[in-house]
$ cat query_29.cif   # mmCIF, C-alpha atoms
data_model
loop_
_atom_site.group_PDB
_atom_site.id
_atom_site.type_symbol
_atom_site.label_atom_id
_atom_site.label_comp_id
_atom_site.auth_asym_id
_atom_site.auth_seq_id
_atom_site.Cartn_x
_atom_site.Cartn_y
_atom_site.Cartn_z
ATOM 1 C CA MET A 1191 -52.837 128.352 -37.809
ATOM 2 C CA LEU A 1192 -52.025 130.271 -40.978
ATOM 3 C CA ARG A 1193 -48.408 129.144 -40.800
ATOM 4 C CA GLU A 1194 -49.448 125.551 -40.187
ATOM 5 C CA ILE A 1195 -51.784 125.621 -43.178
ATOM 6 C CA GLY A 1196 -49.089 127.318 -45.259
ATOM 7 C CA LEU A 1197 -46.636 124.535 -44.461
ATOM 8 C CA GLN A 1198 -49.157 121.883 -45.414
ATOM 9 C CA LEU A 1199 -49.965 123.722 -48.642
ATOM 10 C CA THR A 1200 -46.289 123.829 -49.638
ATOM 11 C CA SER A 1201 -46.124 120.068 -49.198
ATOM 12 C CA GLY A 1202 -48.831 119.669 -51.861
ATOM 13 C CA SER A 1203 -52.150 119.582 -49.992
ATOM 14 C CA ASP A 1204 -55.166 121.545 -51.173
ATOM 15 C CA VAL A 1205 -56.777 124.369 -49.190
ATOM 16 C CA ALA A 1206 -60.073 122.618 -48.434
ATOM 17 C CA SER A 1207 -58.553 119.483 -46.878
ATOM 18 C CA THR A 1208 -55.850 121.421 -45.042
ATOM 19 C CA SER A 1209 -58.396 123.838 -43.585
ATOM 20 C CA ARG A 1210 -60.628 120.991 -42.456
ATOM 21 C CA SER A 1211 -57.674 119.276 -40.798
ATOM 22 C CA VAL A 1212 -57.154 122.276 -38.497
ATOM 23 C CA GLY A 1213 -60.901 122.731 -37.923
ATOM 24 C CA ILE A 1214 -61.795 125.791 -39.999
ATOM 25 C CA SER A 1215 -63.542 126.305 -43.321
ATOM 26 C CA ASP A 1216 -61.642 127.299 -46.423
ATOM 27 C CA ALA A 1217 -63.569 130.608 -46.475
ATOM 28 C CA THR A 1218 -62.269 131.334 -42.971
ATOM 29 C CA TYR A 1219 -58.740 130.556 -44.152
ATOM 30 C CA TYR A 1220 -59.038 133.015 -47.034
ATOM 31 C CA ASN A 1221 -60.495 135.710 -44.757
ATOM 32 C CA TRP A 1222 -57.691 135.244 -42.226
ATOM 33 C CA ARG A 1223 -55.065 135.221 -44.947
ATOM 34 C CA LYS A 1224 -56.429 138.465 -46.366
ATOM 35 C CA ARG A 1225 -56.550 140.065 -42.921
ATOM 36 C CA PHE A 1226 -53.395 138.700 -41.267
ATOM 37 C CA GLY A 1227 -51.378 137.317 -44.180
ATOM 38 C CA GLY A 1228 -48.422 139.696 -44.322
ATOM 39 C CA MET A 1229 -48.169 140.444 -40.615
ATOM 40 C CA GLY A 1230 -45.357 139.405 -38.373
ATOM 41 C CA ARG A 1231 -45.575 138.701 -34.666
ATOM 42 C CA PRO A 1232 -44.890 142.324 -33.578
ATOM 43 C CA GLN A 1233 -47.645 143.673 -35.829
ATOM 44 C CA LEU A 1234 -50.112 141.062 -34.595
ATOM 45 C CA SER A 1235 -49.381 141.871 -30.956
ATOM 46 C CA GLU A 1236 -49.723 145.601 -31.699
ATOM 47 C CA MET A 1237 -53.048 144.998 -33.435
ATOM 48 C CA CYS A 1238 -54.262 142.899 -30.504
ATOM 49 C CA GLY A 1239 -53.323 145.704 -28.112
ATOM 50 C CA LEU A 1240 -55.148 148.244 -30.264
ATOM 51 C CA GLU A 1241 -58.258 146.061 -30.355
ATOM 52 C CA LYS A 1242 -58.240 145.795 -26.543
ATOM 53 C CA GLU A 1243 -57.818 149.565 -26.258
ATOM 54 C CA ASN A 1244 -60.686 150.058 -28.704
ATOM 55 C CA VAL A 1245 -62.976 147.862 -26.590
ATOM 56 C CA ARG A 1246 -62.007 149.800 -23.463
ATOM 57 C CA LEU A 1247 -62.697 153.136 -25.143
ATOM 58 C CA LYS A 1248 -66.063 151.942 -26.462
ATOM 59 C CA GLU A 1249 -67.067 150.976 -22.925
ATOM 60 C CA ILE A 1250 -66.082 154.433 -21.682
ATOM 61 C CA VAL A 1251 -68.114 156.099 -24.425
ATOM 62 C CA ALA A 1252 -71.125 153.918 -23.616
ATOM 63 C CA GLU A 1253 -70.916 154.858 -19.922
ATOM 64 C CA LEU A 1254 -70.601 158.553 -20.761
ATOM 65 C CA GLU A 1255 -73.564 158.347 -23.126
ATOM 66 C CA LEU A 1256 -75.630 156.767 -20.370
ATOM 67 C CA ASP A 1257 -74.571 159.498 -17.926
ATOM 68 C CA LYS A 1258 -75.505 162.143 -20.489
ATOM 69 C CA ARG A 1259 -78.980 160.654 -20.941
ATOM 70 C CA ILE A 1260 -79.502 160.517 -17.181
ATOM 71 C CA PHE A 1261 -78.509 164.185 -16.852
ATOM 72 C CA LYS A 1262 -80.822 165.209 -19.683
ATOM 73 C CA GLU A 1263 -83.753 163.366 -18.122
ATOM 74 C CA SER A 1264 -83.078 164.897 -14.720
ATOM 75 C CA LEU A 1265 -82.966 168.379 -16.277
ATOM 76 C CA THR A 1266 -86.403 167.901 -17.766
ATOM 77 C CA TYR A 1267 -87.763 167.108 -14.305
ATOM 78 C CA LEU A 1268 -85.938 170.006 -12.662
ATOM 79 C CA LYS A 1269 -87.022 172.684 -15.125
ATOM 80 C CA PRO A 1270 -89.637 174.984 -13.679
ATOM 81 C CA ARG A 1271 -92.971 174.702 -15.435
ATOM 82 C CA THR A 1272 -94.482 177.967 -16.533
#
$ encode --input "query_29.cif" --output "structure tokens"
Amino acid sequence: MLREIGLQLTSGSDVASTSRSVGISDATYYNWRKRFGGMGRPQLSEMCGLEKENVRLKEIVAELELDKRIFKESLTYLKPRT
């Protein structure tokens, strides 16, 4: 989408009308351009892979945190009361 908008901008269109033609706001265009502007296809695919790995690792951490809480609660029940 950024390339498509870039081509339309070089032909003389303004950002607001070009963004609307592809279905995004001009603020979204500027955010995307700031985030992805200088990246090529290999960098984008690497970033996508890293984002997927990050999601997977966050799920693992969430499961481990849940297991840790379960173990802590079970230890409180198993402790002998004096």
$ atom_distance --input "query_29.cif" --atom1 "CA of Trp1222 in chain A" --atom2 "CA of Lys1242 in chain A"
18.9 Å
$ atom_distance --input "query_29.cif" --atom1 "CA of Leu1254 in chain A" --atom2 "CA of Arg1271 in chain A"
28.1 Å
$ atom_distance --input "query_29.cif" --atom1 "CA of Met1191 in chain A" --atom2 "CA of Leu1240 in chain A"
21.4 Å
$ closest_residue --input "query_29.cif" --among "A:Glu1243, A:Leu1192, A:Glu1249, A:Leu1268" --to "Asn1221 in chain A" --atoms "all atoms listed in the file"
A:Leu1192
$ closest_residue --input "query_29.cif" --among "A:Lys1262, A:Arg1246, A:Arg1193, A:Arg1210" --to "Arg1223 in chain A" --atoms "only C-alpha atoms"
A:Arg1193
$ resolve_selection --input "query_29.cif" --expression "the PyMOL selection byres ((chain A and resi 1194-1200) around 12)" --output "list in words"
Met1191, Leu1192, Arg1193, Ser1201, Gly1202, Ser1203, Asp1204, Val1205, Ala1206, Ser1207, Thr1208, Ser1209, Arg1210, Ser1211, Val1212, Gly1213, Ile1214, Ser1215, Asp1216, Thr1218, Tyr1219, Tyr1220, Trp1222, Arg1223 and Gly1227 of chain A
$ axis_aligned_box --input "query_29.cif" --around "range 1219-1228 of chain A" --padding-each-side "3 Å" --output "JSON"
{"center_x": -54.5, "center_y": 135.3, "center_z": -44.2, "size_x": 18.1, "size_y": 15.5, "size_z": 11.8}
